[in-house]
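Asker: First, the structure itself, so that you have it in front of you.
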Amino acid sequence: MGRDVLLAVVLCVSAAVKLCASQSGVCYSLASQLTSQAYYTQTSYTYYYSCGLFGWSRCSATGYSSTLQYRSIITYAAQFACCPGYSQVGGTQTCVDINECAPNGGLGSCQQICINTAGSFYCNCQAGYTLAADGRSCQDANECSSNGGLGPCQQLCTNTQGSFYCSCLQGYLLRNDSQSCDLDECHPREGRGPCEQNCTNTDGSYYCNCTLGYVLVTDNHNCLGPPSELVLVAFNSTALQAGWIAPIGDPNDGSLLSYGAVCRSAEGSGVQYTLDIEEARGTLLTALSPYTHYHCCVWVVTSKAIGPSTCQFATTSQDIPYSPPENVSIVARNSTELDVFWSPPSLPNGPITGYNVYIELLAGSTTMREEVDVQVLTLGHLVPHQTVGVRVSANTSVGEGPLSSLVQGTTLVGAPIYPPRDLSVYDDSITPQGTTVAWKIPFHHDTIVVNYYHLVLWEEQFGTPRVIFNLQGNMTSYSFEALQEYCTYQCMVAAGNDVYGLGPSSSISFTTLEAVPSGPPLDLSGELLSSTSYRLFWNPPTPMDRNGVVRSYFISCSPLEGGKAFSHSVTESNITLIELHPFYTYECRVAAVTIGIGPYTAKYEFKMSPAAPSSPAQNISFVPINSSSVLVAWGPPSLSAQNGVILFYVVLVSEPETRAVLNFTVVSTSVMVGPLLPYYTYTCSIGVFTAGGGTFAEAITIQSSQGAPSGVPRNIIANSTSPYDVMLSWQPPYPVERNGVIVNYTILLGESPDSEHRTFSSQEPRVSLHSLASRTTYFYSIAAGTIAGTGPFSDFQQVTTLEEAVNISLSQGSYSTYELAGHVEVCARLLIEGLDKSVHVILSTEPGTAIGDVNFIPLHNHYFHFSPGMHRDETQCVNMTVLDDGVVKDDEELYAVLSTDDPSVGLKEPYRAVITIINSNYVSVSLKDSIYYTTKATGYTQICALLMEGVLGKIMHMSLAINNTGNESLAEVLGAGYSLQSHQLLFQQGQKINSSTCTNITLSKEGPAIHWEEFSVYLQSSDASVVLSQPSVATVVVTDQDYLILLFARQEYFTSERVGHVQVCVMVSSGHVERPTQVYISTEDMSATEGTEYTPLHSYPLLFSRGHQENDSLCVAIGIQHNNCTTGTLSFGVLLLDTTGVVERAVIRIEDIDVMEIDFEKTNYVFSEAAVVPLCVKIYSGQLATELVLKVQSYDESAHDKTGLSNEEASTVPVTTGVVGALVFAAAIASVIIVMVIMKRRKGSKKLLLVSSETATHPTDTSCAVVSNIGEGDSPPSCEDSAASSAVQHNDTDALIASTAM
């Protein structure tokens, strides 16, 4: 036991060397010193080893010992450190937890889930995964592995990545818990389920149901349907013969018991039946009423259910009436006539076809039978006071019904038995409203007393009696008044006496005359036939209002919307109005016409239906919006042509070739049509639609705007026509891909598809690319362009230029010199671009070519050296010495010729030049400038003459004159008050080419102030050896003292496409500024080279302040911005403007590479003994981004060959912003040139032009190297332009404007 306790102590001590606290992560390393102490005891010990001093987490070990002889006493010394999983904060005793989960997007080293803990971390996995043995990666948990491969599922378990799902065997369904399975009782295991028709499975059970029209029987499985094909036929007047087919679903198991049936009439009465199953073949439905419409239904009754019914309608047959006519009555008309009346029977049992009237004249006599089809009968030819009996029966198509009860009636007695005689109408008495009738007394009036006449008048048409009154017995005529016009009347006259009444009557009819109708036609109405036709119909006026024969009708109509009224006359009581205006409202009136037009009906108003507009949309126009849409606009038809409310417009846009149609339906009078093909012509038709239809306008042609091409040029062919030129040709894109008129093509050219490309432009499908490198593979791509833009570029293709021969020629074919000059400079020119090796050619005099009696010293094997990197048109020059051992008497010539032994070098014309030697000391002199300015206040101007050619071996006098003859005085030219003095020019012996001599022309005038006057000065010489060169005439401009001459400091400025600007300066050429004067610099319109687009600079001001002197200048930076890469040298003009207009023009040239102009600030530097001269190099245009080191190399100008110094003797000038350090050269230096790695000739100068690809240093910055022969300790002077360069460097515009630019 003691050994175990000791081991536990040792382990705990070992662990306590470095224990960590969970709260702060501080750990103390424990250094121990072990001592021992013997003791004897038996006890239990718990050892605590702290990882800190203030109650942090501890580890403990507990042991038991009974015979422990020694105990260890350990002295600890704590040393601070951080626990694993913590990091120390600076040099403090503070530890912070390290989040091991932070890397890898919060996963740390875990695959799925990382959980950070204090001082540690642990990994976890998503649901469906378990942690692998490495504690970091996750593996799929196979949930189906347990329970014999079923997992939590009852029947089938399928494992998936990170999950699982359960399924069931065939015939079972998965329950809602997604794990257990339910038996699908509806599954057709043996061909069908348990249900006859529909089966619905439920959890643990199922239920059956039937389709519509069937019922479920009591077994809850089978379905019962109704009987089918029910047929009903009338059997007789009280029965229907019925038949049907047994119901669908008849179980045929004896459960079918009977059928049920019912028949109901429209009044609701009905009869119900129970029928035997055998009666399905046919049965009688009895106890019905005759001639009655029944609704009969039949259903099946089984032991398990009552089935649904099937129904039909049927009517029973007719029968004889079951009852006699009713309300039979007799009314005596007179002594010889009786009227019999009756009503139909109450039980007719069918339509009544007639009546039988049985008449008994005397009791017991034979009965007479009269058949009538009306309900009244007049019995005549009776005797007065005769009694008659009457019975009446009714007939149907089946037969006669029962007789009514006997009814008796008696004629009147004692009245006259004859009517009045000769009843007539006076023809001339008939009027529209009356007439007179007359008669004679009846026969036998002598036996029967006639006390009065009874007149009855009734309208024949209506049968309404009109009893007038009884007339005295002696009156035999009567006049009727207030009768109806054109009405037929029946007039009856009967004689009567006061005792027995009236006897038989005589009757006559007459008709009143016609009159104008007194009432309008009736029931005026109409019906719409179409949008332009309407039918009116009416009834005639009432008979009382017709007043005659209606011969016609007069119709009057007018439109409410305005327009011409119209009328018609018809004989019928209807009219069809045609050619009406659609959607107009009309009102019409109708009047009947007899002998005249009667009153009109009330106005009848009707509205026509809409119709298609009678005219199309108006003023159709279109405006192309872009290459895919066109705005089409139009106006509606005129209001009278709209024919209804315009509901919408239909715009049909069709493409002629494919006949594809775009359909737009809008309610406004404009529509944006699209998408269209760019620059494509379509036909467009506008349809105007009302509720009555639409009308389309004649189609117009519309065209979309041009778009950028969607296709690339085709059939591209590339040929290298020379080592420096490539000809490209192609065909335009397919017509459907052009999307407009191709106006240009853009060509990209580079040495790889991904390199920087040069851009070319062509208006034709071909282009010649020049100034290329020989034997070089170029990649090119071409895109077509319309005015809307540039289309896609073709895939890059490649072409290789031809290999180039090194071609060299003389720069010119003839040279001249003078006898005393003794030499002539001859130059050779490089004719290829980019020399890649050193080439030497020989210049020598051609033997036997001298002309004249001279003996020249031949110059053999004089070399032109062309170095790698030189470019086309660069030259190398040598001085050919021509010495004559005799006296030259005439001009003589010899020939110099190029030769080479290098087979790769080709000599091109001219490679042979003639050298002419002039036989005198010939000099050429010109004026230095062609114009001079001065002012009245200045009083003089300095004019200089320049030695152009030759060497002076004597003093030479030149003179100035104001004209060719010198006869006119200055006063005669300028006016009174001027004088001209000191106009001699003196050249000293030994003066060299490009040296000059000047003299001051003094001017004075006492007269008034002048504004601007000028005169010409001519250079003259009487020496025959002097040739005057241009300019030999100069203009002297004399102004008043306040007049300024402001001009561009330079006529040409250079920049590059990447520099993006150029500095342009204006200087005071003459005069001085007395008051602030402002001028403007502007880009000249239309001056840009084709293919570029510059941001115009309008009215950029420069303000000269009071005190500016002659040669002072102000500058402005003009931004250059264009939309294409430049190709070659491009140029545009700038204008100097004052208040009077254009003063001067200058040209800005833009190189297609980043170009800097660097030149010596001065062309001549004069050395004296112990003098220190700064040689300053100035940036005239462009800017530098990196430091550039220039080599300054000296040469002896008197030597025949310009031999450079050694590398040790050459110095460098780092060109940066501002003045740089000086370099000291030997005193023997006569002049300095600049040698650059990348060079280009500056136009119009013999200086060199620097080419650089990055820019930062600006124009006018100057760097200097000092050339000196002084000793140590002397201080070199600084460059004078440092103020200007400093102003530019610090963007100090005011300082820049105030400084001197050149």
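All residue names refer to the structure tokens as shown: chains lettered A, B, ... in order, residues numbered from 1 in each chain, ligands numbered from 1 in order.
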Using only C-alpha atoms, which residues sit within 8 Å of Glu326 (chain A) once same-chain residues fewer than 4 positions away are excluded, as a list in words?
Answerer: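 Surrounding residues, per the criterion: Trp342, Ser343, Pro344, Pro345, Ser346 and Ser404 of chain A.
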Asker: Output the selection as a compact mmCIF listing (two decimals), in the first residue's frame - all heavy atoms for each residue.
Answerer:
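part-v6.txt, written as the output of this step:
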# COMPACT_ATOMS: atom_id res chain seq x y z
N TRP A 342 -123.82 29.27 -72.78
CA TRP A 342 -123.32 28.29 -71.82
C TRP A 342 -121.81 28.44 -71.64
O TRP A 342 -121.14 29.19 -72.36
CB TRP A 342 -123.66 26.87 -72.30
CG TRP A 342 -123.02 26.50 -73.63
CD1 TRP A 342 -121.82 25.95 -73.82
CD2 TRP A 342 -123.58 26.69 -74.91
NE1 TRP A 342 -121.57 25.77 -75.15
CE2 TRP A 342 -122.65 26.22 -75.85
CE3 TRP A 342 -124.85 27.22 -75.37
CZ2 TRP A 342 -122.89 26.26 -77.23
CZ3 TRP A 342 -125.08 27.24 -76.72
CH2 TRP A 342 -124.10 26.77 -77.66
N SER A 343 -121.27 27.70 -70.66
CA SER A 343 -119.82 27.69 -70.37
C SER A 343 -119.28 26.29 -70.54
O SER A 343 -120.04 25.32 -70.48
CB SER A 343 -119.58 28.17 -68.93
OG SER A 343 -120.04 29.47 -68.75
N PRO A 344 -117.94 26.09 -70.73
CA PRO A 344 -117.36 24.76 -70.90
C PRO A 344 -117.55 23.93 -69.66
O PRO A 344 -117.74 24.45 -68.56
CB PRO A 344 -115.87 25.04 -71.15
CG PRO A 344 -115.79 26.45 -71.57
CD PRO A 344 -116.92 27.16 -70.87
N PRO A 345 -117.43 22.58 -69.77
CA PRO A 345 -117.54 21.69 -68.62
C PRO A 345 -116.34 21.84 -67.70
O PRO A 345 -115.25 22.24 -68.12
CB PRO A 345 -117.61 20.31 -69.24
CG PRO A 345 -116.95 20.43 -70.57
CD PRO A 345 -117.25 21.82 -71.05
N SER A 346 -116.52 21.50 -66.43
CA SER A 346 -115.42 21.62 -65.46
C SER A 346 -114.44 20.46 -65.59
O SER A 346 -113.29 20.57 -65.17
CB SER A 346 -116.00 21.69 -64.05
OG SER A 346 -116.76 20.52 -63.76
N SER A 404 -126.33 18.53 -70.25
CA SER A 404 -126.68 19.41 -69.14
C SER A 404 -128.16 19.25 -68.81
O SER A 404 -128.93 18.63 -69.55
CB SER A 404 -126.38 20.86 -69.53
OG SER A 404 -127.22 21.25 -70.59
Asker: May I have a table of the residues of region 527-642 of chain A lying at most 8 Å from region 702-720 of chain A, giving each one's closest pair of atoms and their distance in Å to one decimal, counting only C-alpha atoms, ordered by chain and ascending residue number, as a tab-separated table?
Answerer:
residue	atom	partner	partner_atom	distance
A:Phe622	CA	A:Ile702	CA	6.8
A:Pro624	CA	A:Ser704	CA	5.3
A:Ile625	CA	A:Ser705	CA	6.9
A:Asn626	CA	A:Ser705	CA	5.2
A:Ser627	CA	A:Ser705	CA	4.3
A:Ser628	CA	A:Ser704	CA	6.3
A:Ser629	CA	A:Ser704	CA	6.3
A:Val630	CA	A:Ser704	CA	5.9
Asker: Would you work out the distance separating CA of Pro1031 (chain A) from CA of Gln991 (chain A), expressed in Å to one decimal?
Answerer: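 Computing it gives 19.8 Å between the two atoms.
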Asker: Excluding Ser479 (chain A) and residues on its chain fewer than 4 positions from it, collect all residues at most 10 Å away from it, counting only C-alpha atoms, and give them as a list in words.
Answerer: Val425, Tyr426, Ser429, Ile430, Gly434, Thr435, Thr436, Val437 and Ala438 of chain A
Asker: Find the residues near Phe554 (chain A): any atom within 10 Å, counting only C-alpha atoms, skip ones fewer than 5 places away on the same chain, and give them as a compact mmCIF listing (two decimals) with all heavy atoms, in the first residue's frame.
Answerer:
# COMPACT_ATOMS: atom_id res chain seq x y z
N SER A 567 -86.58 61.18 -93.70
CA SER A 567 -87.94 60.65 -93.53
C SER A 567 -88.18 59.58 -94.58
O SER A 567 -87.51 59.53 -95.61
CB SER A 567 -88.98 61.77 -93.66
OG SER A 567 -88.91 62.37 -94.95
N HIS A 568 -89.15 58.71 -94.27
CA HIS A 568 -89.52 57.63 -95.16
C HIS A 568 -91.04 57.47 -95.13
O HIS A 568 -91.70 57.88 -94.17
CB HIS A 568 -88.86 56.31 -94.75
CG HIS A 568 -87.38 56.32 -94.85
ND1 HIS A 568 -86.71 56.20 -96.04
CD2 HIS A 568 -86.42 56.47 -93.89
CE1 HIS A 568 -85.42 56.24 -95.83
NE2 HIS A 568 -85.21 56.42 -94.51
N SER A 569 -91.58 56.84 -96.17
CA SER A 569 -93.00 56.50 -96.23
C SER A 569 -93.11 55.04 -96.60
O SER A 569 -92.49 54.58 -97.58
CB SER A 569 -93.74 57.36 -97.25
OG SER A 569 -95.10 57.01 -97.32
N VAL A 570 -93.88 54.28 -95.79
CA VAL A 570 -94.03 52.85 -96.02
C VAL A 570 -95.51 52.50 -95.91
O VAL A 570 -96.30 53.23 -95.29
CB VAL A 570 -93.20 52.02 -95.03
CG1 VAL A 570 -91.73 52.28 -95.22
CG2 VAL A 570 -93.62 52.32 -93.59
N THR A 571 -95.87 51.39 -96.49
CA THR A 571 -97.26 50.93 -96.40
C THR A 571 -97.42 49.89 -95.31
O THR A 571 -98.54 49.63 -94.88
CB THR A 571 -97.70 50.35 -97.75
OG1 THR A 571 -96.82 49.27 -98.09
CG2 THR A 571 -97.64 51.40 -98.85
N ARG A 589 -90.22 59.50 -85.17
CA ARG A 589 -91.66 59.60 -84.94
C ARG A 589 -92.37 58.98 -86.15
O ARG A 589 -91.85 59.03 -87.26
CB ARG A 589 -92.10 61.06 -84.79
CG ARG A 589 -91.42 61.79 -83.64
CD ARG A 589 -91.93 63.22 -83.55
NE ARG A 589 -91.67 63.95 -84.78
CZ ARG A 589 -92.29 65.10 -85.12
NH1 ARG A 589 -93.21 65.60 -84.31
NH2 ARG A 589 -91.99 65.72 -86.25
N VAL A 590 -93.58 58.43 -85.89
CA VAL A 590 -94.34 57.77 -86.95
C VAL A 590 -95.77 58.34 -86.93
O VAL A 590 -96.34 58.54 -85.84
CB VAL A 590 -94.36 56.24 -86.78
CG1 VAL A 590 -95.13 55.59 -87.93
CG2 VAL A 590 -92.94 55.69 -86.71
N ALA A 591 -96.31 58.61 -88.11
CA ALA A 591 -97.70 59.09 -88.25
C ALA A 591 -98.41 58.24 -89.30
O ALA A 591 -97.80 57.82 -90.30
CB ALA A 591 -97.75 60.56 -88.63
N ALA A 592 -99.69 57.97 -89.05
CA ALA A 592 -100.49 57.23 -90.03
C ALA A 592 -101.04 58.20 -91.08
O ALA A 592 -101.28 59.38 -90.80
CB ALA A 592 -101.63 56.50 -89.33
N VAL A 593 -101.20 57.67 -92.30
CA VAL A 593 -101.67 58.50 -93.41
C VAL A 593 -102.93 57.86 -93.99
O VAL A 593 -102.92 56.69 -94.40
CB VAL A 593 -100.58 58.65 -94.49
CG1 VAL A 593 -101.10 59.50 -95.64
CG2 VAL A 593 -99.30 59.24 -93.90
N ILE A 597 -101.93 63.21 -93.24
CA ILE A 597 -101.02 62.72 -92.18
C ILE A 597 -101.65 63.03 -90.84
O ILE A 597 -102.00 64.18 -90.54
CB ILE A 597 -99.63 63.37 -92.28
CG1 ILE A 597 -99.00 63.00 -93.63
CG2 ILE A 597 -98.73 62.91 -91.15
CD1 ILE A 597 -97.66 63.65 -93.86
N GLY A 598 -101.77 62.03 -90.03
CA GLY A 598 -102.30 62.20 -88.70
C GLY A 598 -101.23 62.62 -87.72
O GLY A 598 -100.08 62.92 -88.08
N TYR A 600 -98.29 62.54 -84.87
CA TYR A 600 -97.10 61.71 -84.70
C TYR A 600 -97.12 61.03 -83.34
O TYR A 600 -97.71 61.52 -82.37
CB TYR A 600 -95.82 62.52 -84.82
CG TYR A 600 -95.46 62.90 -86.24
CD1 TYR A 600 -95.81 64.14 -86.78
CD2 TYR A 600 -94.75 62.00 -87.04
CE1 TYR A 600 -95.49 64.47 -88.07
CE2 TYR A 600 -94.41 62.33 -88.34
CZ TYR A 600 -94.78 63.57 -88.86
OH TYR A 600 -94.44 63.90 -90.15
Asker: Might you pull out every residue within 9 Å of region 367-371 of chain A, with only C-alpha atoms counted and same-chain residues fewer than 2 positions away left off, and present them as a PDB file with N, CA and C atoms, in the first residue's frame?
Answerer:
ATOM      1  N   GLY A 354    -116.093  20.677 -79.817  1.00  0.00           N
ATOM      2  CA  GLY A 354    -117.388  21.224 -80.233  1.00  0.00           C
ATOM      3  C   GLY A 354    -118.472  20.971 -79.192  1.00  0.00           C
ATOM      4  N   TYR A 355    -119.652  21.580 -79.477  1.00  0.00           N
ATOM      5  CA  TYR A 355    -120.788  21.406 -78.559  1.00  0.00           C
ATOM      6  C   TYR A 355    -122.008  20.881 -79.340  1.00  0.00           C
ATOM      7  N   ASN A 356    -122.872  20.099 -78.622  1.00  0.00           N
ATOM      8  CA  ASN A 356    -124.152  19.601 -79.166  1.00  0.00           C
ATOM      9  C   ASN A 356    -125.294  20.273 -78.400  1.00  0.00           C
ATOM     10  N   VAL A 357    -126.192  20.982 -79.164  1.00  0.00           N
ATOM     11  CA  VAL A 357    -127.354  21.641 -78.551  1.00  0.00           C
ATOM     12  C   VAL A 357    -128.621  20.865 -78.963  1.00  0.00           C
ATOM     13  N   TYR A 358    -129.264  20.317 -77.961  1.00  0.00           N
ATOM     14  CA  TYR A 358    -130.499  19.562 -78.216  1.00  0.00           C
ATOM     15  C   TYR A 358    -131.699  20.466 -77.884  1.00  0.00           C
ATOM     16  N   ILE A 359    -132.641  20.681 -78.903  1.00  0.00           N
ATOM     17  CA  ILE A 359    -133.753  21.631 -78.784  1.00  0.00           C
ATOM     18  C   ILE A 359    -135.075  20.848 -78.772  1.00  0.00           C
ATOM     19  N   GLU A 360    -135.879  21.114 -77.791  1.00  0.00           N
ATOM     20  CA  GLU A 360    -137.237  20.546 -77.710  1.00  0.00           C
ATOM     21  C   GLU A 360    -138.234  21.682 -77.896  1.00  0.00           C
ATOM     22  N   LEU A 361    -138.896  21.741 -79.106  1.00  0.00           N
ATOM     23  CA  LEU A 361    -139.805  22.838 -79.411  1.00  0.00           C
ATOM     24  C   LEU A 361    -141.108  22.735 -78.610  1.00  0.00           C
ATOM     25  N   LEU A 362    -141.625  21.529 -78.474  1.00  0.00           N
ATOM     26  CA  LEU A 362    -142.850  21.306 -77.721  1.00  0.00           C
ATOM     27  C   LEU A 362    -142.614  20.145 -76.784  1.00  0.00           C
ATOM     28  N   GLY A 364    -142.517  16.740 -75.378  1.00  0.00           N
ATOM     29  CA  GLY A 364    -142.705  15.428 -75.971  1.00  0.00           C
ATOM     30  C   GLY A 364    -142.438  15.360 -77.455  1.00  0.00           C
ATOM     31  N   SER A 365    -142.134  16.512 -78.086  1.00  0.00           N
ATOM     32  CA  SER A 365    -141.861  16.496 -79.529  1.00  0.00           C
ATOM     33  C   SER A 365    -140.453  16.001 -79.788  1.00  0.00           C
ATOM     34  N   ASP A 373    -119.402  25.231 -82.651  1.00  0.00           N
ATOM     35  CA  ASP A 373    -118.067  25.237 -82.042  1.00  0.00           C
ATOM     36  C   ASP A 373    -117.866  26.468 -81.170  1.00  0.00           C
ATOM     37  N   LEU A 377    -125.904  30.190 -79.326  1.00  0.00           N
ATOM     38  CA  LEU A 377    -126.716  29.747 -80.472  1.00  0.00           C
ATOM     39  C   LEU A 377    -128.027  30.557 -80.460  1.00  0.00           C
TER      40      LEU A 377
END
Asker: List the neighbours of region 155-172 of chain A out to 8 Å using only C-alpha atoms; skip same-chain residues closer than 3 positions along the sequence, and give me the result as a list in words.
Answerer: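 With the cut-off at 8 Å, the set is Gln126, Ala127, Gly128, Tyr129, Asp140, Ala141, Asn142, Glu143, Cys144, Gly149, Leu150, Gly151, Pro152, Ser178, Gln179, Ser180, Cys181, Asp182, Leu183, Asp184, Glu185, His187 and Arg189 of chain A.
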Asker: Please report the interatomic distance between CA of His871 (chain A) and CA of Gly834 (chain A) in Å with one decimal.
Answerer: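 A separation of 4.7 Å between them.
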Asker: Would you mind writing down, as a VMD selection string, each residue of region 65-183 of chain A that DSSP on the backbone assigns to strand (DSSP E)?
Answerer: chain A and resid 65 to 82 86 to 88 95 to 97 113 to 117 120 to 124 129 to 131 138 to 140 156 to 160 163 to 167 172 to 174 181 to 183
Asker: Using only C-alpha atoms, please write the residues we just selected to a file, as a PDB file, in the first residue's frame.
Answerer:
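Output (out_18.pdb):
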ATOM      1  CA  SER A  65       0.198   4.618   4.157  1.00  0.00           C
ATOM      2  CA  SER A  66       0.757   2.552   7.254  1.00  0.00           C
ATOM      3  CA  THR A  67       4.509   2.070   7.423  1.00  0.00           C
ATOM      4  CA  LEU A  68       5.778   5.109   5.582  1.00  0.00           C
ATOM      5  CA  GLN A  69       9.269   5.701   6.866  1.00  0.00           C
ATOM      6  CA  TYR A  70      10.129   8.833   5.032  1.00  0.00           C
ATOM      7  CA  ARG A  71       8.303  11.801   3.768  1.00  0.00           C
ATOM      8  CA  SER A  72       9.464  14.137   1.113  1.00  0.00           C
ATOM      9  CA  ILE A  73       9.698  17.834   1.870  1.00  0.00           C
ATOM     10  CA  ILE A  74       9.769  19.853  -1.297  1.00  0.00           C
ATOM     11  CA  THR A  75      10.534  23.554  -1.407  1.00  0.00           C
ATOM     12  CA  TYR A  76       9.003  25.262  -4.401  1.00  0.00           C
ATOM     13  CA  ALA A  77      10.025  28.372  -6.355  1.00  0.00           C
ATOM     14  CA  ALA A  78       7.342  29.721  -8.750  1.00  0.00           C
ATOM     15  CA  GLN A  79       8.235  30.924 -12.245  1.00  0.00           C
ATOM     16  CA  PHE A  80       5.430  32.640 -14.351  1.00  0.00           C
ATOM     17  CA  ALA A  81       4.244  31.199 -17.665  1.00  0.00           C
ATOM     18  CA  CYS A  82       0.900  30.689 -19.508  1.00  0.00           C
ATOM     19  CA  TYR A  86      -3.480  30.510 -23.453  1.00  0.00           C
ATOM     20  CA  SER A  87      -1.190  33.265 -24.701  1.00  0.00           C
ATOM     21  CA  GLN A  88       0.652  35.872 -22.661  1.00  0.00           C
ATOM     22  CA  CYS A  95      -2.966  35.291 -20.092  1.00  0.00           C
ATOM     23  CA  VAL A  96      -5.827  35.176 -22.562  1.00  0.00           C
ATOM     24  CA  ASP A  97      -7.543  32.156 -24.033  1.00  0.00           C
ATOM     25  CA  ILE A 113     -18.309  21.674 -35.545  1.00  0.00           C
ATOM     26  CA  CYS A 114     -15.641  23.249 -33.318  1.00  0.00           C
ATOM     27  CA  ILE A 115     -16.487  24.334 -29.727  1.00  0.00           C
ATOM     28  CA  ASN A 116     -13.908  26.518 -27.977  1.00  0.00           C
ATOM     29  CA  THR A 117     -13.403  26.099 -24.238  1.00  0.00           C
ATOM     30  CA  SER A 120      -8.822  24.061 -24.995  1.00  0.00           C
ATOM     31  CA  PHE A 121     -11.503  23.017 -27.475  1.00  0.00           C
ATOM     32  CA  TYR A 122     -13.324  19.949 -28.659  1.00  0.00           C
ATOM     33  CA  CYS A 123     -14.926  18.816 -31.905  1.00  0.00           C
ATOM     34  CA  ASN A 124     -18.459  17.713 -32.513  1.00  0.00           C
ATOM     35  CA  TYR A 129     -22.641  11.846 -37.899  1.00  0.00           C
ATOM     36  CA  THR A 130     -20.365  10.547 -35.147  1.00  0.00           C
ATOM     37  CA  LEU A 131     -16.942  11.724 -34.128  1.00  0.00           C
ATOM     38  CA  CYS A 138     -16.804  13.011 -38.648  1.00  0.00           C
ATOM     39  CA  GLN A 139     -18.168   9.838 -40.133  1.00  0.00           C
ATOM     40  CA  ASP A 140     -21.688   8.919 -41.099  1.00  0.00           C
ATOM     41  CA  LEU A 156     -37.417  -1.411 -43.909  1.00  0.00           C
ATOM     42  CA  CYS A 157     -34.566   1.024 -43.072  1.00  0.00           C
ATOM     43  CA  THR A 158     -32.377   2.813 -45.635  1.00  0.00           C
ATOM     44  CA  ASN A 159     -29.262   4.652 -44.446  1.00  0.00           C
ATOM     45  CA  THR A 160     -28.233   7.939 -46.175  1.00  0.00           C
ATOM     46  CA  SER A 163     -29.539  10.553 -42.057  1.00  0.00           C
ATOM     47  CA  PHE A 164     -31.890   7.620 -42.867  1.00  0.00           C
ATOM     48  CA  TYR A 165     -35.463   6.936 -43.870  1.00  0.00           C
ATOM     49  CA  CYS A 166     -38.013   4.159 -43.237  1.00  0.00           C
ATOM     50  CA  SER A 167     -40.250   2.384 -45.744  1.00  0.00           C
ATOM     51  CA  TYR A 172     -48.308  -1.616 -46.114  1.00  0.00           C
ATOM     52  CA  LEU A 173     -48.229   2.151 -45.728  1.00  0.00           C
ATOM     53  CA  LEU A 174     -45.864   4.321 -43.644  1.00  0.00           C
ATOM     54  CA  CYS A 181     -46.184   0.583 -40.939  1.00  0.00           C
ATOM     55  CA  ASP A 182     -49.910   0.063 -41.264  1.00  0.00           C
ATOM     56  CA  LEU A 183     -51.516  -2.759 -43.253  1.00  0.00           C
TER      57      LEU A 183
END
Asker: For a quick check of understanding, using only C-alpha atoms, which of A:Val688, A:Leu662, A:Cys944, A:Cys83 has the smallest distance to Val645 (chain A)?
Answerer: A:Val688
Asker: Set the distance at 12 Å and use only C-alpha atoms: which residues neighbour Lys928 (chain A) once local chain neighbours fewer than 4 positions away are removed? I'd like the list as a list in words.
Answerer: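 Everything that qualifies: Tyr932, Gln942, Ile943, Cys944, Ala945, Leu946, Leu947, Met948, Asn994, Ser995, Ser996, Thr997, Cys998, Thr999, Leu1019, Leu1028, Ser1029, Gln1030, Pro1031, Ser1032, Val1033, Ala1034 and Thr1035 of chain A.
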